>>> print(open('final_13.cif').read())   # mmCIF, C-alpha atoms
data_run
loop_
_atom_site.label_atom_id
_atom_site.label_comp_id
_atom_site.auth_asym_id
_atom_site.auth_seq_id
_atom_site.Cartn_x
_atom_site.Cartn_y
_atom_site.Cartn_z
CA MET A 1 -33.95 -14.89 -5.43
CA ASP A 2 -36.40 -15.06 -2.54
CA GLU A 3 -36.52 -11.56 -1.02
CA ARG A 4 -36.24 -13.10 2.44
CA PHE A 5 -32.55 -13.79 1.75
CA GLU A 6 -31.98 -10.14 0.92
CA LEU A 7 -33.87 -9.19 4.07
CA ALA A 8 -31.68 -11.51 6.15
CA ALA A 9 -28.57 -9.97 4.56
CA ALA A 10 -29.81 -6.50 5.48
CA ILE A 11 -30.49 -7.62 9.05
CA GLY A 12 -27.03 -9.18 9.34
CA GLY A 13 -25.05 -6.32 7.80
CA GLY A 14 -24.28 -8.38 4.70
CA LEU A 15 -24.21 -11.71 6.54
CA ILE A 16 -27.06 -14.19 6.16
CA ARG A 17 -27.41 -16.27 9.31
CA THR A 18 -29.39 -19.48 9.19
CA ARG A 19 -31.08 -18.56 12.47
CA ASP A 20 -32.43 -15.38 10.85
CA LEU A 21 -33.63 -17.40 7.86
CA ARG A 22 -35.46 -19.81 10.17
CA GLU A 23 -37.24 -16.90 11.84
CA LEU A 24 -38.23 -15.66 8.37
CA GLY A 25 -39.66 -19.09 7.54
CA VAL A 26 -37.00 -20.21 5.05
CA HIS A 27 -36.53 -23.98 4.87
CA PRO A 28 -32.91 -25.30 5.11
CA ALA A 29 -33.37 -27.06 1.77
CA ALA A 30 -33.79 -23.68 0.09
CA VAL A 31 -30.45 -22.55 1.51
CA GLN A 32 -28.74 -25.68 0.24
CA ARG A 33 -30.23 -25.24 -3.24
CA LEU A 34 -28.97 -21.63 -3.50
CA GLU A 35 -25.54 -22.62 -2.24
CA ARG A 36 -25.29 -25.40 -4.84
CA ALA A 37 -26.49 -22.99 -7.51
CA GLY A 38 -23.75 -20.54 -6.57
CA SER A 39 -26.05 -17.76 -5.42
CA LEU A 40 -24.85 -18.03 -1.82
CA VAL A 41 -21.29 -18.17 -0.46
CA ARG A 42 -20.66 -20.00 2.80
CA VAL A 43 -18.70 -17.65 5.08
CA ARG A 44 -18.56 -20.21 7.90
CA THR A 45 -20.89 -22.80 9.38
CA GLY A 46 -24.36 -21.31 9.61
CA VAL A 47 -23.45 -18.01 7.92
CA TYR A 48 -23.70 -17.09 4.23
CA ALA A 49 -23.40 -14.08 1.96
CA LEU A 50 -24.95 -13.18 -1.38
CA ARG A 51 -22.37 -14.11 -4.01
CA GLU A 52 -22.86 -10.92 -6.01
CA GLU A 53 -22.09 -8.79 -2.95
CA TRP A 54 -19.29 -11.05 -1.73
CA GLN A 55 -17.42 -10.81 -5.02
CA GLN A 56 -17.33 -7.03 -4.73
CA LEU A 57 -15.56 -7.13 -1.35
CA THR A 58 -11.79 -6.89 -0.91
CA ALA A 59 -9.90 -9.66 0.84
CA ASP A 60 -9.72 -7.53 4.00
CA GLU A 61 -13.47 -6.86 3.90
CA ARG A 62 -14.21 -10.57 3.49
CA TYR A 63 -12.01 -11.38 6.44
CA ARG A 64 -13.78 -8.77 8.58
CA ARG A 65 -17.08 -10.44 7.69
CA LEU A 66 -15.62 -13.77 8.82
CA VAL A 67 -14.55 -12.20 12.13
CA VAL A 68 -18.00 -10.71 12.69
CA ALA A 69 -19.68 -13.99 11.75
CA THR A 70 -17.48 -16.04 14.08
CA ALA A 71 -17.89 -13.69 17.03
CA GLY A 72 -21.66 -13.70 16.51
CA ALA A 73 -21.80 -17.50 16.43
CA ALA A 74 -19.69 -18.03 19.56
CA ARG A 75 -21.35 -19.71 22.54
CA HIS A 76 -19.37 -17.51 24.93
CA PRO A 77 -18.23 -13.89 24.54
CA LEU A 78 -14.95 -13.52 22.67
CA VAL A 79 -12.26 -10.85 22.78
CA VAL A 80 -10.97 -10.73 19.23
CA SER A 81 -7.22 -10.04 19.05
CA HIS A 82 -4.06 -10.00 16.95
CA ARG A 83 -4.67 -10.07 13.17
CA SER A 84 -8.43 -10.30 13.62
CA ALA A 85 -8.42 -7.17 15.78
CA ALA A 86 -6.09 -5.52 13.26
CA ALA A 87 -8.67 -6.17 10.55
CA LEU A 88 -11.40 -4.55 12.66
CA HIS A 89 -9.12 -1.56 13.34
CA ARG A 90 -8.58 -1.23 9.57
CA LEU A 91 -4.82 -1.64 9.83
CA PRO A 92 -2.89 -2.64 6.70
CA MET A 93 -2.47 -6.43 6.62
CA LEU A 94 -0.04 -7.85 4.11
CA GLY A 95 -0.07 -11.24 2.47
CA ALA A 96 -2.95 -13.67 2.33
CA ALA A 97 -5.83 -12.97 4.70
CA PRO A 98 -6.10 -15.37 7.67
CA THR A 99 -8.68 -18.14 7.49
CA ILE A 100 -9.25 -18.33 11.23
CA VAL A 101 -10.26 -15.82 13.89
CA GLU A 102 -7.75 -14.96 16.60
CA VAL A 103 -8.90 -14.27 20.16
CA ALA A 104 -7.16 -13.46 23.44
CA GLU A 105 -7.44 -14.91 26.93
CA PRO A 106 -5.50 -13.55 29.91
CA GLY A 107 -2.65 -15.67 31.23
CA ARG A 108 0.62 -17.22 30.16
CA GLY A 109 1.48 -20.38 28.30
CA GLY A 110 0.32 -21.86 25.04
CA GLY A 111 -2.96 -21.26 23.28
CA ARG A 112 -5.37 -23.60 21.59
CA ARG A 113 -7.03 -23.92 18.22
CA THR A 114 -10.39 -25.12 16.92
CA GLU A 115 -11.85 -25.19 13.44
CA HIS A 116 -12.77 -21.51 13.51
CA VAL A 117 -10.82 -19.93 16.39
CA SER A 118 -7.20 -19.66 17.49
CA THR A 119 -6.82 -18.63 21.14
CA HIS A 120 -3.74 -16.74 22.35
CA ARG A 121 -2.71 -16.74 25.98
CA ALA A 122 -1.89 -13.05 25.94
CA GLY A 123 -0.62 -11.98 29.35
CA PRO A 124 -2.62 -9.44 31.37
CA ALA A 125 -6.25 -8.75 30.48
CA PRO A 126 -6.34 -6.29 27.59
CA ALA A 127 -8.23 -3.03 27.27
CA VAL A 128 -11.04 -3.59 24.79
CA GLU A 129 -13.39 -1.70 22.50
CA THR A 130 -16.28 -2.63 20.26
CA ILE A 131 -16.02 -2.33 16.47
CA ASP A 132 -18.67 -3.57 14.03
CA GLY A 133 -20.45 -5.07 17.04
CA VAL A 134 -17.42 -7.18 17.98
CA VAL A 135 -15.41 -6.82 21.19
CA CYS A 136 -11.72 -6.61 20.35
CA THR A 137 -8.43 -5.57 21.90
CA SER A 138 -7.72 -1.84 21.89
CA LEU A 139 -5.69 -0.41 19.04
CA LEU A 140 -2.69 0.07 21.33
CA ARG A 141 -2.84 -3.52 22.62
CA THR A 142 -3.42 -4.94 19.13
CA LEU A 143 -0.31 -3.21 17.79
CA VAL A 144 1.84 -4.45 20.67
CA ASP A 145 0.51 -8.01 20.47
CA LEU A 146 1.37 -8.15 16.79
CA ALA A 147 4.78 -6.50 17.22
CA ILE A 148 5.63 -9.25 19.71
CA ILE A 149 4.86 -12.19 17.42
CA ARG A 150 5.00 -10.91 13.82
CA PRO A 151 8.06 -10.13 11.67
CA LEU A 152 9.00 -6.46 11.20
CA VAL A 153 7.84 -6.54 7.61
CA HIS A 154 4.29 -7.21 8.87
CA SER A 155 4.20 -5.22 12.12
CA VAL A 156 5.88 -2.00 10.96
CA PRO A 157 3.28 -1.13 8.27
CA MET A 158 0.58 -1.37 10.95
CA LEU A 159 2.60 0.71 13.41
CA ASP A 160 3.41 3.34 10.77
CA ALA A 161 -0.26 3.67 9.85
CA ALA A 162 -1.40 3.79 13.49
CA LEU A 163 1.06 6.55 14.45
CA SER A 164 -0.93 8.86 12.17
CA ARG A 165 -4.04 8.29 14.29
CA PRO A 166 -4.99 10.38 17.33
CA GLY A 167 -3.69 9.10 20.66
CA ILE A 168 -1.14 6.61 19.31
CA THR A 169 2.48 7.46 20.15
CA ARG A 170 5.74 5.56 20.47
CA THR A 171 5.71 6.35 24.19
CA GLY A 172 2.26 4.87 24.58
CA LEU A 173 3.25 1.77 22.63
CA ALA A 174 6.39 1.32 24.73
CA CYS A 175 4.35 1.62 27.95
CA GLU A 176 1.87 -0.95 26.68
CA LEU A 177 4.72 -3.31 25.86
CA GLU A 178 5.98 -2.97 29.44
CA HIS A 179 2.46 -3.69 30.70
CA VAL A 180 2.13 -6.83 28.58
CA ASP A 181 5.61 -7.93 29.73
CA PRO A 182 5.98 -10.80 27.21
CA THR A 183 8.28 -13.70 28.00
CA ARG A 184 9.29 -13.81 24.33
CA GLY A 185 9.41 -11.24 21.56
CA ARG A 186 10.06 -8.19 23.75
CA ALA A 187 13.24 -7.09 21.92
CA LYS A 188 11.63 -7.56 18.51
CA ALA A 189 8.57 -5.55 19.54
CA ALA A 190 10.67 -2.77 21.05
CA HIS A 191 12.69 -2.57 17.83
CA ALA A 192 9.53 -2.39 15.72
CA ILE A 193 8.10 0.39 17.89
CA ALA A 194 11.32 2.40 17.76
CA PHE A 195 11.56 1.89 13.98
CA ALA A 196 7.97 2.92 13.24
CA ASP A 197 7.49 6.30 11.57
CA HIS A 198 4.24 8.16 10.85
CA ARG A 199 5.77 9.71 7.73
CA SER A 200 5.51 6.49 5.74
CA GLY A 201 2.87 7.22 3.14
CA SER A 202 1.70 3.66 2.46
CA ALA A 203 2.15 0.05 3.46
CA GLY A 204 4.45 -0.39 0.47
CA GLU A 205 6.70 2.39 1.70
CA SER A 206 6.75 0.79 5.16
CA VAL A 207 7.75 -2.60 3.74
CA SER A 208 10.44 -0.88 1.68
CA ARG A 209 11.82 0.85 4.79
CA VAL A 210 12.04 -2.46 6.61
CA ARG A 211 13.78 -4.15 3.68
CA ILE A 212 16.26 -1.26 3.28
CA HIS A 213 17.11 -1.57 6.97
CA GLU A 214 17.34 -5.37 6.96
CA LEU A 215 19.61 -5.28 3.92
CA GLY A 216 22.03 -2.96 5.74
CA PHE A 217 21.62 0.11 3.55
CA GLU A 218 21.81 3.66 4.85
CA SER A 219 18.41 4.93 5.95
CA PRO A 220 16.90 7.46 3.52
CA GLU A 221 15.08 10.67 4.41
CA LEU A 222 11.31 10.21 4.27
CA GLN A 223 8.94 12.54 2.42
CA ALA A 224 11.74 14.91 1.39
CA ARG A 225 10.51 18.21 -0.06
CA PHE A 226 11.66 19.76 -3.32
CA GLU A 227 10.55 23.35 -3.85
CA GLY A 228 9.74 24.91 -7.21
CA ILE A 229 8.84 21.71 -9.06
CA LEU A 230 6.34 22.64 -11.80
CA GLY A 231 5.35 25.66 -9.73
CA SER A 232 4.69 23.63 -6.61
CA VAL A 233 6.35 21.38 -4.00
CA ALA A 234 7.28 17.77 -4.76
CA LEU A 235 7.32 15.21 -1.94
CA VAL A 236 9.28 12.03 -2.60
CA ASP A 237 9.05 8.73 -0.73
CA PHE A 238 12.78 8.30 -0.04
CA TYR A 239 15.86 10.47 -0.53
CA TRP A 240 19.54 9.65 -0.12
CA ARG A 241 20.85 13.19 -0.02
CA GLY A 242 24.53 12.27 -0.07
CA ILE A 243 24.22 10.69 -3.51
CA ARG A 244 21.25 12.77 -4.73
CA LEU A 245 19.11 9.69 -5.27
CA ILE A 246 15.31 9.67 -4.99
CA GLY A 247 13.56 6.38 -4.28
CA GLU A 248 9.89 5.91 -5.14
CA PHE A 249 7.66 2.97 -4.29
CA ASP A 250 5.07 2.56 -7.04
CA GLY A 251 2.17 0.51 -5.78
CA ARG A 252 -0.77 -0.18 -8.07
CA MET A 253 -3.14 1.38 -5.54
CA LYS A 254 -1.45 4.77 -6.06
CA TYR A 255 -2.87 4.75 -9.55
CA LEU A 256 -6.00 2.65 -9.14
CA ARG A 257 -7.29 4.85 -6.28
CA SER A 258 -6.30 8.13 -7.92
CA LEU A 259 -9.80 8.86 -9.21
CA GLU A 260 -11.28 8.36 -5.74
CA VAL A 261 -8.62 10.41 -3.94
CA SER A 262 -7.70 13.23 -6.31
CA GLY A 263 -10.35 13.14 -9.02
CA LEU A 264 -7.68 12.33 -11.61
CA ASP A 265 -7.82 9.18 -13.70
CA PRO A 266 -4.83 6.80 -13.48
CA ALA A 267 -3.48 7.78 -16.89
CA ARG A 268 -3.37 11.42 -15.82
CA VAL A 269 -1.58 10.50 -12.60
CA VAL A 270 1.08 8.58 -14.55
CA TYR A 271 1.52 11.57 -16.87
CA GLU A 272 1.92 14.01 -13.97
CA GLU A 273 4.38 11.65 -12.25
CA LYS A 274 6.47 11.60 -15.44
CA ARG A 275 6.48 15.41 -15.62
CA ARG A 276 7.51 15.65 -11.97
CA GLU A 277 10.29 13.10 -12.46
CA ASP A 278 11.63 14.95 -15.51
CA ALA A 279 11.68 18.21 -13.54
CA LEU A 280 13.60 16.58 -10.69
CA ARG A 281 16.12 15.08 -13.10
CA ARG A 282 16.73 18.51 -14.62
CA MET A 283 17.72 19.66 -11.13
CA GLY A 284 20.40 16.95 -11.06
CA GLU A 285 18.52 14.37 -9.01
CA ARG A 286 18.54 10.69 -9.92
CA MET A 287 15.51 8.44 -9.57
CA VAL A 288 15.03 4.76 -8.77
CA ARG A 289 11.61 3.11 -8.62
CA TRP A 290 10.43 -0.28 -7.43
CA ASP A 291 7.12 -2.08 -6.93
CA TRP A 292 5.57 -4.65 -4.59
CA GLN A 293 7.30 -7.55 -6.30
CA THR A 294 10.72 -6.02 -5.73
CA ALA A 295 9.97 -4.87 -2.17
CA TRP A 296 8.94 -8.42 -1.23
CA ALA A 297 12.09 -9.92 -2.79
CA PRO A 298 15.11 -8.83 -0.69
CA ARG A 299 17.61 -10.07 -3.26
CA ASP A 300 16.00 -8.01 -6.04
CA LEU A 301 15.82 -4.84 -3.93
CA HIS A 302 19.43 -5.35 -2.82
CA ARG A 303 20.57 -5.65 -6.43
CA LEU A 304 18.60 -2.57 -7.48
CA LEU A 305 19.83 -0.28 -4.71
CA SER A 306 23.39 -1.52 -5.10
CA GLU A 307 23.29 -0.69 -8.82
CA PHE A 308 22.32 2.88 -7.92
CA GLY A 309 25.11 3.19 -5.37
CA VAL A 310 23.08 3.39 -2.15
CA PRO A 311 25.69 3.33 0.64
CA ARG A 312 25.78 0.74 3.39
CA ARG A 313 25.11 1.61 7.01
CA ARG A 314 28.22 2.25 9.06
#
>>> encode(input="final_13.cif", output="structure tokens")
Amino acid sequence: MDERFELAAAIGGGLIRTRDLRELGVHPAAVQRLERAGSLVRVRTGVYALREEWQQLTADERYRRLVVATAGAARHPLVVSHRSAAALHRLPMLGAAPTIVEVAEPGRGGGRRTEHVSTHRAGPAPAVETIDGVVCTSLLRTLVDLAIIRPLVHSVPMLDAALSRPGITRTGLACELEHVDPTRGRAKAAHAIAFADHRSGSAGESVSRVRIHELGFESPELQARFEGILGSVALVDFYWRGIRLIGEFDGRMKYLRSLEVSGLDPARVVYEEKRREDALRRMGERMVRWDWQTAWAPRDLHRLLSEFGVPRRR
């Protein structure tokens, strides 16, 4: 490939803008040939990426590139908001990545939508910050905006993750909600903020907590400690002490990222998990496990927890 494309990608932080290519003397026909050949991926109108690099990105990383590309191509300055701001803040986003960039404008009433941008009329002017060269709503405002309009199963994982970050508290979130003063969604947002808990260890655990609550089961203890397990301390995701039942969410990332996080390969992590589980069972504890598929399917999780005798909320 012409090295000028790689130079343009370096200039654009992985994005190849046609305006940069023009300045480097690349003819538009050359861009079209590489796109047809599959060497370039169109991110949006006028912006491309090298296919080899694009394929190595996660869905969240690809969406962040789309946000950066769209903000850079805008004729007027944008304040990126909602899920697009969440992506820039590196909050956990569940489900399929959006295909459009969300932005905020002060005021009430309905928004508007174009091919690339969805505009929210988002109440008072938000506090902003700049991430990856893009102006976006502050983390606090982003969390509140999403808690107002998104279901608990989507907003709570973001809130749980954010509460582990410096400067983010339930009090601060509640004050921001009062400042935004939404005409709709206030009760839902307040519930999400009150329900959020920094002890959730992953997005999967957060989704599980929401489902357990929505299904009417008794809330478990989070990150319960068991001393003297294989000479150490075992932390479990969920614990129903009254029935001595441990609940564990087993997401694939726990194992796939084990080498990066702990230096252990996934097979070793599975082996150590089995040893820990056996030790807990010898102490008289029971164990129930579920995965993403079960957490996303309320009926399946309800059946599973009912089979293990998890009590209902009173």
>>> closest_residue(input="final_13.cif", among="A:Ala59, A:Leu34, A:Leu301, A:Leu15", to="Ala96 of chain A", atoms="only C-alpha atoms")
A:Ala59
>>> atom_distance(input="final_13.cif", atom1="atom CA of His116 of chain A", atom2="atom CA of Leu152 of chain A")
26.6 Å
>>> resolve_selection(input="final_13.cif", expression="the PyMOL selection byres ((chain A and resi 9) around 12)", output="count of residues only")
29
>>> residues_around(input="final_13.cif", residues="Arg44 of chain A", least_positions_apart="5", cutoff="8 Å", atoms="all atoms listed in the file", output="PyMOL selection string")
chain A and resi 66+69-70
>>> write_last_selection(input="final_13.cif", atoms="C-alpha atoms", output="short mmCIF file (atom, residue, chain, number, x, y, z; two decimals), keeping the file's coordinate frame")
data_model
loop_
_atom_site.label_atom_id
_atom_site.label_comp_id
_atom_site.auth_asym_id
_atom_site.auth_seq_id
_atom_site.Cartn_x
_atom_site.Cartn_y
_atom_site.Cartn_z
CA LEU A 66 -15.62 -13.77 8.82
CA ALA A 69 -19.68 -13.99 11.75
CA THR A 70 -17.48 -16.04 14.08
#
>>> atom_distance(input="final_13.cif", atom1="atom CA of Ile212 of chain A", atom2="atom CA of Leu163 of chain A")
20.4 Å
>>> resolve_selection(input="final_13.cif", expression="the PyMOL selection byres ((chain A and resi 169-178) around 12)", output="JSON, numbers by chain")
{"A": [122, 123, 124, 125, 126, 127, 138, 139, 140, 141, 142, 143, 144, 145, 146, 147, 148, 159, 160, 161, 162, 163, 164, 165, 166, 167, 168, 179, 180, 181, 182, 183, 184, 185, 186, 187, 188, 189, 190, 191, 192, 193, 194, 195, 196, 197, 198]}
>>> resolve_selection(input="final_13.cif", expression="the PyMOL selection byres ((chain A and resi 237) around 12)", output="count of residues only")
34
>>> atom_distance(input="final_13.cif", atom1="atom CA of Val101 of chain A", atom2="atom CA of Ala295 of chain A")
28.1 Å
>>> closest_residue(input="final_13.cif", among="A:Gly133, A:Pro92, A:Gly25, A:Pro311", to="Val80 of chain A", atoms="only C-alpha atoms")
A:Gly133
>>> residues_around(input="final_13.cif", residues="Leu94 of chain A", least_positions_apart="5", cutoff="9 Å", atoms="all atoms listed in the file", output="list in words")
Val153, His154, Pro157 and Ala203 of chain A
>>> residues_near_point(input="final_13.cif", point="(23.3, 3.1, 3.9)", cutoff="10 Å", atoms="only C-alpha atoms", output="count of residues only")
16
>>> residues_around(input="final_13.cif", residues="Cys136 of chain A", least_positions_apart="6", cutoff="12 Å", atoms="only C-alpha atoms", output="list in words")
Val67, Val68, Ala71, Pro77, Leu78, Val79, Val80, Ser81, His82, Arg83, Ser84, Ala85, Ala86, Ala87, Leu88, His89, Val101, Glu102, Val103, Ala104, Glu105, Ala125, Pro126, Ala127, Val128, Glu129, Thr130 and Thr142 of chain A
>>> closest_residue(input="final_13.cif", among="A:Arg64, A:Arg36, A:Arg90, A:Arg211", to="Trp292 of chain A", atoms="all atoms listed in the file")
A:Arg211
>>> closest_residue(input="final_13.cif", among="A:Arg42, A:Thr114, A:Asp60, A:Ala279", to="Gly231 of chain A", atoms="all atoms listed in the file")
A:Ala279
>>> decode(input="final_13.cif", residues="segment 88-99 of chain A", atoms="all heavy atoms", output="PDB file, in the first residue's frame")
ATOM      1  N   LEU A  88     -16.564   7.593  25.034  1.00  0.00           N
ATOM      2  CA  LEU A  88     -15.338   8.361  25.254  1.00  0.00           C
ATOM      3  C   LEU A  88     -14.862   8.236  26.698  1.00  0.00           C
ATOM      4  O   LEU A  88     -13.653   8.205  26.957  1.00  0.00           O
ATOM      5  CB  LEU A  88     -15.565   9.825  24.895  1.00  0.00           C
ATOM      6  CG  LEU A  88     -15.812  10.124  23.420  1.00  0.00           C
ATOM      7  CD1 LEU A  88     -16.134  11.603  23.228  1.00  0.00           C
ATOM      8  CD2 LEU A  88     -14.617   9.739  22.559  1.00  0.00           C
ATOM      9  N   HIS A  89     -15.808   8.152  27.642  1.00  0.00           N
ATOM     10  CA  HIS A  89     -15.446   8.002  29.053  1.00  0.00           C
ATOM     11  C   HIS A  89     -15.067   6.562  29.412  1.00  0.00           C
ATOM     12  O   HIS A  89     -14.772   6.279  30.578  1.00  0.00           O
ATOM     13  CB  HIS A  89     -16.604   8.455  29.938  1.00  0.00           C
ATOM     14  CG  HIS A  89     -16.772   9.936  30.029  1.00  0.00           C
ATOM     15  ND1 HIS A  89     -15.877  10.748  30.679  1.00  0.00           N
ATOM     16  CD2 HIS A  89     -17.747  10.763  29.545  1.00  0.00           C
ATOM     17  CE1 HIS A  89     -16.286  12.010  30.615  1.00  0.00           C
ATOM     18  NE2 HIS A  89     -17.410  12.051  29.919  1.00  0.00           N
ATOM     19  N   ARG A  90     -15.102   5.671  28.413  1.00  0.00           N
ATOM     20  CA  ARG A  90     -14.746   4.260  28.630  1.00  0.00           C
ATOM     21  C   ARG A  90     -15.660   3.602  29.654  1.00  0.00           C
ATOM     22  O   ARG A  90     -15.236   2.807  30.501  1.00  0.00           O
ATOM     23  CB  ARG A  90     -13.298   4.101  29.067  1.00  0.00           C
ATOM     24  CG  ARG A  90     -12.253   4.016  27.965  1.00  0.00           C
ATOM     25  CD  ARG A  90     -12.174   5.269  27.128  1.00  0.00           C
ATOM     26  NE  ARG A  90     -11.063   5.206  26.160  1.00  0.00           N
ATOM     27  CZ  ARG A  90     -10.796   6.155  25.273  1.00  0.00           C
ATOM     28  NH1 ARG A  90     -11.546   7.265  25.228  1.00  0.00           N
ATOM     29  NH2 ARG A  90      -9.783   6.023  24.429  1.00  0.00           N
ATOM     30  N   LEU A  91     -16.939   3.896  29.589  1.00  0.00           N
ATOM     31  CA  LEU A  91     -17.922   3.227  30.419  1.00  0.00           C
ATOM     32  C   LEU A  91     -18.391   1.956  29.724  1.00  0.00           C
ATOM     33  O   LEU A  91     -18.389   1.881  28.495  1.00  0.00           O
ATOM     34  CB  LEU A  91     -19.123   4.146  30.662  1.00  0.00           C
ATOM     35  CG  LEU A  91     -18.847   5.392  31.503  1.00  0.00           C
ATOM     36  CD1 LEU A  91     -20.058   6.319  31.484  1.00  0.00           C
ATOM     37  CD2 LEU A  91     -18.467   5.031  32.925  1.00  0.00           C
ATOM     38  N   PRO A  92     -18.792   0.940  30.486  1.00  0.00           N
ATOM     39  CA  PRO A  92     -19.242  -0.309  29.861  1.00  0.00           C
ATOM     40  C   PRO A  92     -20.574  -0.117  29.142  1.00  0.00           C
ATOM     41  O   PRO A  92     -21.562   0.292  29.753  1.00  0.00           O
ATOM     42  CB  PRO A  92     -19.377  -1.271  31.045  1.00  0.00           C
ATOM     43  CG  PRO A  92     -19.576  -0.386  32.239  1.00  0.00           C
ATOM     44  CD  PRO A  92     -18.804   0.864  31.954  1.00  0.00           C
ATOM     45  N   MET A  93     -20.591  -0.371  27.842  1.00  0.00           N
ATOM     46  CA  MET A  93     -21.815  -0.273  27.052  1.00  0.00           C
ATOM     47  C   MET A  93     -22.205  -1.668  26.603  1.00  0.00           C
ATOM     48  O   MET A  93     -21.399  -2.389  26.019  1.00  0.00           O
ATOM     49  CB  MET A  93     -21.621   0.648  25.855  1.00  0.00           C
ATOM     50  CG  MET A  93     -21.332   2.084  26.243  1.00  0.00           C
ATOM     51  SD  MET A  93     -21.766   3.264  24.950  1.00  0.00           S
ATOM     52  CE  MET A  93     -20.832   2.638  23.577  1.00  0.00           C
ATOM     53  N   LEU A  94     -23.442  -2.034  26.874  1.00  0.00           N
ATOM     54  CA  LEU A  94     -23.910  -3.376  26.595  1.00  0.00           C
ATOM     55  C   LEU A  94     -24.756  -3.398  25.336  1.00  0.00           C
ATOM     56  O   LEU A  94     -25.379  -2.407  24.970  1.00  0.00           O
ATOM     57  CB  LEU A  94     -24.716  -3.899  27.784  1.00  0.00           C
ATOM     58  CG  LEU A  94     -23.982  -3.839  29.132  1.00  0.00           C
ATOM     59  CD1 LEU A  94     -24.874  -4.353  30.241  1.00  0.00           C
ATOM     60  CD2 LEU A  94     -22.681  -4.620  29.079  1.00  0.00           C
ATOM     61  N   GLY A  95     -24.771  -4.550  24.685  1.00  0.00           N
ATOM     62  CA  GLY A  95     -25.535  -4.671  23.453  1.00  0.00           C
ATOM     63  C   GLY A  95     -24.739  -4.168  22.267  1.00  0.00           C
ATOM     64  O   GLY A  95     -23.550  -3.844  22.359  1.00  0.00           O
ATOM     65  N   ALA A  96     -25.419  -4.086  21.138  1.00  0.00           N
ATOM     66  CA  ALA A  96     -24.764  -3.636  19.904  1.00  0.00           C
ATOM     67  C   ALA A  96     -24.352  -2.172  20.028  1.00  0.00           C
ATOM     68  O   ALA A  96     -25.064  -1.353  20.617  1.00  0.00           O
ATOM     69  CB  ALA A  96     -25.707  -3.817  18.719  1.00  0.00           C
ATOM     70  N   ALA A  97     -23.193  -1.853  19.481  1.00  0.00           N
ATOM     71  CA  ALA A  97     -22.722  -0.462  19.509  1.00  0.00           C
ATOM     72  C   ALA A  97     -23.636   0.403  18.652  1.00  0.00           C
ATOM     73  O   ALA A  97     -24.164  -0.045  17.629  1.00  0.00           O
ATOM     74  CB  ALA A  97     -21.293  -0.385  18.994  1.00  0.00           C
ATOM     75  N   PRO A  98     -23.856   1.664  19.047  1.00  0.00           N
ATOM     76  CA  PRO A  98     -24.675   2.569  18.223  1.00  0.00           C
ATOM     77  C   PRO A  98     -24.024   2.765  16.850  1.00  0.00           C
ATOM     78  O   PRO A  98     -22.820   2.538  16.670  1.00  0.00           O
ATOM     79  CB  PRO A  98     -24.675   3.873  19.020  1.00  0.00           C
ATOM     80  CG  PRO A  98     -24.274   3.498  20.410  1.00  0.00           C
ATOM     81  CD  PRO A  98     -23.364   2.314  20.272  1.00  0.00           C
ATOM     82  N   THR A  99     -24.832   3.198  15.910  1.00  0.00           N
ATOM     83  CA  THR A  99     -24.324   3.479  14.564  1.00  0.00           C
ATOM     84  C   THR A  99     -24.387   4.965  14.254  1.00  0.00           C
ATOM     85  O   THR A  99     -24.112   5.377  13.126  1.00  0.00           O
ATOM     86  CB  THR A  99     -25.142   2.712  13.510  1.00  0.00           C
ATOM     87  OG1 THR A  99     -26.520   3.073  13.640  1.00  0.00           O
ATOM     88  CG2 THR A  99     -24.993   1.204  13.711  1.00  0.00           C
TER      89      THR A  99
END
